[in-house]
Amino acid sequence: ARRCLLQRLTAGAELLALDSHGCAALGAALVDSGLTEEVLSLARRLAEGPNMLVEMACLRHGQRAVKEVLDLLEGQELDSAHRQLAAGAGRLHTSRYGKVVARNLAIKASRRIDLDVVLRNQKAC
């Protein structure tokens with residue numbers, strides 16, 4: 001039953017992502033369901049839509065769903081999601097909820113840059 005629900009949420013992700021309550025359902029589905037492949041498929045679907053993460057981030061319950069998507073993605077998919085959010089920074093800063101996502105993105109970027117500097121300095125030694 002849960003697998004079927006996740007598949008339906010994935011199929012309707014674009015519509016749900018445009019509504020705060022839809023984002024609440026998506027956010028809940030992305031958390032600890034035990035169905036890793038289905039949850040990852042949903043996260044990928046949300047990250048693939050043009051500006052979908054940015055629009056979600058600006059909704060009350062969307063910021064949580066965006067956080068969960070970013071926690072699930074890795075590698076190039078995560079980099080692509082970060083680029084999408086960075087490109088939409090102007091839109092994020094016009095929204096109360098988007099500002100939270102933008103701030104968290106900036107903190108993660110700062111930590112990542114700090115880590116890259118440390119790793120480069122270790123290699124130089």
# chains A, B, ... in the order shown; residues from 1 in each chain; ligands from 1
>>> residues_around(residues="A:Ala29", least_positions_apart="5", cutoff="12 Å", atoms="only C-alpha atoms", output="number ranges by chain")
A: 2-10, 13, 22-24, 34-36, 38-43, 64-65, 68-69
>>> write_last_selection(atoms="N, CA, C and O atoms", output="mmCIF file, in the first residue's frame")
data_model
loop_
_atom_site.group_PDB
_atom_site.id
_atom_site.type_symbol
_atom_site.label_atom_id
_atom_site.label_comp_id
_atom_site.auth_asym_id
_atom_site.auth_seq_id
_atom_site.Cartn_x
_atom_site.Cartn_y
_atom_site.Cartn_z
ATOM 1 N N ARG A 2 1.932 1.251 0.805
ATOM 2 C CA ARG A 2 2.816 2.422 0.877
ATOM 3 C C ARG A 2 3.566 2.614 -0.439
ATOM 4 O O ARG A 2 3.758 3.742 -0.894
ATOM 5 N N ARG A 3 3.982 1.526 -1.046
ATOM 6 C CA ARG A 3 4.677 1.590 -2.337
ATOM 7 C C ARG A 3 3.755 2.223 -3.387
ATOM 8 O O ARG A 3 4.170 3.094 -4.153
ATOM 9 N N CYS A 4 2.506 1.794 -3.395
ATOM 10 C CA CYS A 4 1.525 2.325 -4.343
ATOM 11 C C CYS A 4 1.315 3.830 -4.107
ATOM 12 O O CYS A 4 1.230 4.610 -5.053
ATOM 13 N N LEU A 5 1.226 4.234 -2.860
ATOM 14 C CA LEU A 5 1.058 5.643 -2.524
ATOM 15 C C LEU A 5 2.247 6.463 -3.019
ATOM 16 O O LEU A 5 2.077 7.530 -3.624
ATOM 17 N N LEU A 6 3.459 5.970 -2.792
ATOM 18 C CA LEU A 6 4.654 6.687 -3.253
ATOM 19 C C LEU A 6 4.685 6.799 -4.775
ATOM 20 O O LEU A 6 5.073 7.829 -5.321
ATOM 21 N N GLN A 7 4.248 5.753 -5.462
ATOM 22 C CA GLN A 7 4.207 5.787 -6.924
ATOM 23 C C GLN A 7 3.202 6.827 -7.407
ATOM 24 O O GLN A 7 3.454 7.563 -8.362
ATOM 25 N N ARG A 8 2.069 6.928 -6.735
ATOM 26 C CA ARG A 8 1.062 7.931 -7.115
ATOM 27 C C ARG A 8 1.544 9.347 -6.816
ATOM 28 O O ARG A 8 1.296 10.265 -7.588
ATOM 29 N N LEU A 9 2.212 9.509 -5.687
ATOM 30 C CA LEU A 9 2.767 10.820 -5.363
ATOM 31 C C LEU A 9 3.811 11.233 -6.395
ATOM 32 O O LEU A 9 3.863 12.394 -6.806
ATOM 33 N N THR A 10 4.622 10.292 -6.823
ATOM 34 C CA THR A 10 5.644 10.573 -7.833
ATOM 35 C C THR A 10 4.991 10.972 -9.150
ATOM 36 O O THR A 10 5.420 11.935 -9.794
ATOM 37 N N ALA A 13 3.641 14.518 -8.800
ATOM 38 C CA ALA A 13 4.553 15.399 -8.066
ATOM 39 C C ALA A 13 4.494 16.853 -8.534
ATOM 40 O O ALA A 13 4.515 17.766 -7.705
ATOM 41 N N GLY A 22 0.093 20.121 -0.578
ATOM 42 C CA GLY A 22 0.687 19.065 -1.392
ATOM 43 C C GLY A 22 2.136 18.851 -1.018
ATOM 44 O O GLY A 22 2.614 17.707 -0.933
ATOM 45 N N CYS A 23 2.831 19.950 -0.755
ATOM 46 C CA CYS A 23 4.234 19.862 -0.317
ATOM 47 C C CYS A 23 4.344 19.180 1.042
ATOM 48 O O CYS A 23 5.310 18.461 1.301
ATOM 49 N N ALA A 24 3.348 19.402 1.901
ATOM 50 C CA ALA A 24 3.353 18.734 3.206
ATOM 51 C C ALA A 24 3.276 17.227 3.015
ATOM 52 O O ALA A 24 3.992 16.472 3.684
ATOM 53 N N GLY A 34 11.104 3.680 4.503
ATOM 54 C CA GLY A 34 11.627 2.329 4.397
ATOM 55 C C GLY A 34 11.666 1.815 2.964
ATOM 56 O O GLY A 34 12.207 0.765 2.696
ATOM 57 N N LEU A 35 11.076 2.546 2.036
ATOM 58 C CA LEU A 35 11.063 2.159 0.628
ATOM 59 C C LEU A 35 12.043 3.058 -0.137
ATOM 60 O O LEU A 35 11.649 4.003 -0.821
ATOM 61 N N THR A 36 13.292 2.748 -0.019
ATOM 62 C CA THR A 36 14.361 3.612 -0.503
ATOM 63 C C THR A 36 14.240 3.973 -1.977
ATOM 64 O O THR A 36 14.352 5.135 -2.335
ATOM 65 N N GLU A 38 11.655 3.932 -4.066
ATOM 66 C CA GLU A 38 10.485 4.756 -4.364
ATOM 67 C C GLU A 38 10.661 6.181 -3.856
ATOM 68 O O GLU A 38 10.285 7.146 -4.517
ATOM 69 N N VAL A 39 11.229 6.326 -2.680
ATOM 70 C CA VAL A 39 11.465 7.653 -2.107
ATOM 71 C C VAL A 39 12.498 8.400 -2.945
ATOM 72 O O VAL A 39 12.326 9.585 -3.250
ATOM 73 N N LEU A 40 13.552 7.726 -3.346
ATOM 74 C CA LEU A 40 14.576 8.347 -4.176
ATOM 75 C C LEU A 40 14.000 8.756 -5.533
ATOM 76 O O LEU A 40 14.317 9.821 -6.061
ATOM 77 N N SER A 41 13.130 7.937 -6.077
ATOM 78 C CA SER A 41 12.468 8.266 -7.342
ATOM 79 C C SER A 41 11.629 9.538 -7.203
ATOM 80 O O SER A 41 11.638 10.400 -8.084
ATOM 81 N N LEU A 42 10.923 9.674 -6.101
ATOM 82 C CA LEU A 42 10.140 10.876 -5.833
ATOM 83 C C LEU A 42 11.051 12.091 -5.700
ATOM 84 O O LEU A 42 10.791 13.152 -6.274
ATOM 85 N N ALA A 43 12.138 11.960 -4.956
ATOM 86 C CA ALA A 43 13.084 13.067 -4.784
ATOM 87 C C ALA A 43 13.664 13.490 -6.134
ATOM 88 O O ALA A 43 13.766 14.691 -6.421
ATOM 89 N N ARG A 64 10.344 22.209 3.921
ATOM 90 C CA ARG A 64 10.690 20.912 4.526
ATOM 91 C C ARG A 64 10.899 19.863 3.433
ATOM 92 O O ARG A 64 11.841 19.067 3.490
ATOM 93 N N ALA A 65 10.017 19.872 2.440
ATOM 94 C CA ALA A 65 10.146 18.906 1.348
ATOM 95 C C ALA A 65 11.449 19.111 0.587
ATOM 96 O O ALA A 65 12.136 18.148 0.239
ATOM 97 N N GLU A 68 14.299 17.662 2.548
ATOM 98 C CA GLU A 68 14.328 16.201 2.434
ATOM 99 C C GLU A 68 14.882 15.760 1.083
ATOM 100 O O GLU A 68 15.656 14.802 1.003
ATOM 101 N N VAL A 69 14.501 16.454 0.021
ATOM 102 C CA VAL A 69 15.038 16.133 -1.314
ATOM 103 C C VAL A 69 16.557 16.273 -1.302
ATOM 104 O O VAL A 69 17.278 15.383 -1.759
#
>>> select_by_dssp(residues="chain A", states="alpha helix (DSSP H)", output="ChimeraX atom specification")
/A:2-11,13-16,20-30,36-48,52-57,62-72,75-87,89-92,96-124
>>> closest_atom_pairs(of="stretch 18-40 of chain A", to="stretch 49-60 of chain A", cutoff="8 Å", atoms="only C-alpha atoms", output="JSON lines")
{"residue": "A:Leu18", "atom": "CA", "partner": "A:Met56", "partner_atom": "CA", "distance": 6.5}
{"residue": "A:Asp19", "atom": "CA", "partner": "A:Leu59", "partner_atom": "CA", "distance": 7.4}
{"residue": "A:Ser20", "atom": "CA", "partner": "A:Leu59", "partner_atom": "CA", "distance": 5.4}
{"residue": "A:Cys23", "atom": "CA", "partner": "A:Met56", "partner_atom": "CA", "distance": 7.0}
>>> residues_around(residues="A:Leu70", least_positions_apart="3", cutoff="9 Å", atoms="only C-alpha atoms", output="JSON, numbers by chain")
{"A": [43, 47, 65, 66, 67, 73, 74, 78, 81, 82]}
>>> closest_residue(among="A:His61, A:Leu26, A:Leu16, A:Leu72", to="A:Val100", atoms="only C-alpha atoms")
A:His61
>>> residues_around(residues="stretch 103-110 of chain A", least_positions_apart="4", cutoff="12 Å", atoms="only C-alpha atoms", output="VMD selection string")
chain A and resid 54 57 63 to 64 66 to 67 70 to 71 78 to 79 81 to 89 92 to 93 95 to 99 114 to 117
>>> atom_distance(atom1="atom CA of A:Val101", atom2="atom CA of A:Leu15")
20.8 Å
>>> atom_distance(atom1="atom CA of A:Gly90", atom2="atom CA of A:Ala25")
26.3 Å
>>> closest_residue(among="A:Ala102, A:Arg91, A:Ala28, A:Arg45", to="A:Gly12", atoms="only C-alpha atoms")
A:Arg45
>>> decode(residues="stretch 13-28 of chain A", atoms="all heavy atoms", output="mmCIF file, in the first residue's frame")
data_model
loop_
_atom_site.group_PDB
_atom_site.id
_atom_site.type_symbol
_atom_site.label_atom_id
_atom_site.label_comp_id
_atom_site.auth_asym_id
_atom_site.auth_seq_id
_atom_site.Cartn_x
_atom_site.Cartn_y
_atom_site.Cartn_z
ATOM 1 N N ALA A 13 3.641 14.518 -8.800
ATOM 2 C CA ALA A 13 4.553 15.399 -8.066
ATOM 3 C C ALA A 13 4.494 16.853 -8.534
ATOM 4 O O ALA A 13 4.515 17.766 -7.705
ATOM 5 C CB ALA A 13 5.987 14.874 -8.174
ATOM 6 N N GLU A 14 4.395 17.075 -9.845
ATOM 7 C CA GLU A 14 4.411 18.445 -10.362
ATOM 8 C C GLU A 14 3.239 19.260 -9.826
ATOM 9 O O GLU A 14 3.400 20.424 -9.463
ATOM 10 C CB GLU A 14 4.398 18.462 -11.894
ATOM 11 C CG GLU A 14 5.700 18.008 -12.525
ATOM 12 C CD GLU A 14 5.790 16.488 -12.691
ATOM 13 O OE1 GLU A 14 4.825 15.776 -12.310
ATOM 14 O OE2 GLU A 14 6.817 16.020 -13.181
ATOM 15 N N LEU A 15 2.071 18.664 -9.760
ATOM 16 C CA LEU A 15 0.895 19.380 -9.247
ATOM 17 C C LEU A 15 0.972 19.565 -7.737
ATOM 18 O O LEU A 15 0.650 20.637 -7.217
ATOM 19 C CB LEU A 15 -0.392 18.635 -9.619
ATOM 20 C CG LEU A 15 -0.780 18.685 -11.092
ATOM 21 C CD1 LEU A 15 -1.992 17.807 -11.357
ATOM 22 C CD2 LEU A 15 -1.052 20.121 -11.519
ATOM 23 N N LEU A 16 1.373 18.525 -7.040
ATOM 24 C CA LEU A 16 1.463 18.609 -5.580
ATOM 25 C C LEU A 16 2.492 19.641 -5.141
ATOM 26 O O LEU A 16 2.315 20.314 -4.125
ATOM 27 C CB LEU A 16 1.820 17.239 -4.998
ATOM 28 C CG LEU A 16 0.729 16.180 -5.098
ATOM 29 C CD1 LEU A 16 1.295 14.804 -4.766
ATOM 30 C CD2 LEU A 16 -0.432 16.523 -4.189
ATOM 31 N N ALA A 17 3.558 19.778 -5.902
ATOM 32 C CA ALA A 17 4.643 20.688 -5.547
ATOM 33 C C ALA A 17 4.240 22.155 -5.631
ATOM 34 O O ALA A 17 4.920 23.015 -5.075
ATOM 35 C CB ALA A 17 5.859 20.430 -6.442
ATOM 36 N N LEU A 18 3.133 22.448 -6.270
ATOM 37 C CA LEU A 18 2.690 23.831 -6.425
ATOM 38 C C LEU A 18 1.754 24.280 -5.313
ATOM 39 O O LEU A 18 1.303 25.415 -5.296
ATOM 40 C CB LEU A 18 1.996 24.003 -7.778
ATOM 41 C CG LEU A 18 2.863 23.715 -8.995
ATOM 42 C CD1 LEU A 18 2.035 23.822 -10.268
ATOM 43 C CD2 LEU A 18 4.060 24.653 -9.042
ATOM 44 N N ASP A 19 1.461 23.383 -4.386
ATOM 45 C CA ASP A 19 0.511 23.666 -3.312
ATOM 46 C C ASP A 19 1.177 23.389 -1.964
ATOM 47 O O ASP A 19 1.846 22.366 -1.795
ATOM 48 C CB ASP A 19 -0.719 22.767 -3.491
ATOM 49 C CG ASP A 19 -1.709 22.906 -2.366
ATOM 50 O OD1 ASP A 19 -2.416 23.937 -2.328
ATOM 51 O OD2 ASP A 19 -1.772 21.998 -1.519
ATOM 52 N N SER A 20 0.968 24.262 -1.005
ATOM 53 C CA SER A 20 1.608 24.104 0.299
ATOM 54 C C SER A 20 1.213 22.788 0.966
ATOM 55 O O SER A 20 2.061 22.080 1.517
ATOM 56 C CB SER A 20 1.264 25.283 1.209
ATOM 57 O OG SER A 20 1.953 25.162 2.434
ATOM 58 N N HIS A 21 -0.068 22.449 0.900
ATOM 59 C CA HIS A 21 -0.508 21.194 1.519
ATOM 60 C C HIS A 21 -0.013 19.975 0.731
ATOM 61 O O HIS A 21 0.284 18.933 1.316
ATOM 62 C CB HIS A 21 -2.024 21.176 1.677
ATOM 63 C CG HIS A 21 -2.511 22.258 2.596
ATOM 64 N ND1 HIS A 21 -2.284 22.236 3.952
ATOM 65 C CD2 HIS A 21 -3.169 23.410 2.342
ATOM 66 C CE1 HIS A 21 -2.789 23.317 4.500
ATOM 67 N NE2 HIS A 21 -3.344 24.060 3.538
ATOM 68 N N GLY A 22 0.093 20.121 -0.578
ATOM 69 C CA GLY A 22 0.687 19.065 -1.392
ATOM 70 C C GLY A 22 2.136 18.851 -1.018
ATOM 71 O O GLY A 22 2.614 17.707 -0.933
ATOM 72 N N CYS A 23 2.831 19.950 -0.755
ATOM 73 C CA CYS A 23 4.234 19.862 -0.317
ATOM 74 C C CYS A 23 4.344 19.180 1.042
ATOM 75 O O CYS A 23 5.310 18.461 1.301
ATOM 76 C CB CYS A 23 4.867 21.243 -0.258
ATOM 77 S SG CYS A 23 5.286 21.915 -1.876
ATOM 78 N N ALA A 24 3.348 19.402 1.901
ATOM 79 C CA ALA A 24 3.353 18.734 3.206
ATOM 80 C C ALA A 24 3.276 17.227 3.015
ATOM 81 O O ALA A 24 3.992 16.472 3.684
ATOM 82 C CB ALA A 24 2.193 19.229 4.064
ATOM 83 N N ALA A 25 2.425 16.793 2.097
ATOM 84 C CA ALA A 25 2.307 15.358 1.808
ATOM 85 C C ALA A 25 3.603 14.819 1.206
ATOM 86 O O ALA A 25 4.068 13.735 1.591
ATOM 87 C CB ALA A 25 1.135 15.107 0.859
ATOM 88 N N LEU A 26 4.189 15.580 0.302
ATOM 89 C CA LEU A 26 5.454 15.149 -0.299
ATOM 90 C C LEU A 26 6.561 15.071 0.747
ATOM 91 O O LEU A 26 7.329 14.105 0.774
ATOM 92 C CB LEU A 26 5.863 16.110 -1.424
ATOM 93 C CG LEU A 26 4.982 16.112 -2.663
ATOM 94 C CD1 LEU A 26 5.338 17.277 -3.572
ATOM 95 C CD2 LEU A 26 5.086 14.786 -3.405
ATOM 96 N N GLY A 27 6.643 16.072 1.605
ATOM 97 C CA GLY A 27 7.660 16.081 2.655
ATOM 98 C C GLY A 27 7.530 14.890 3.582
ATOM 99 O O GLY A 27 8.519 14.260 3.949
ATOM 100 N N ALA A 28 6.297 14.568 3.948
ATOM 101 C CA ALA A 28 6.067 13.413 4.827
ATOM 102 C C ALA A 28 6.449 12.119 4.121
ATOM 103 O O ALA A 28 7.014 11.214 4.742
ATOM 104 C CB ALA A 28 4.606 13.375 5.269
#
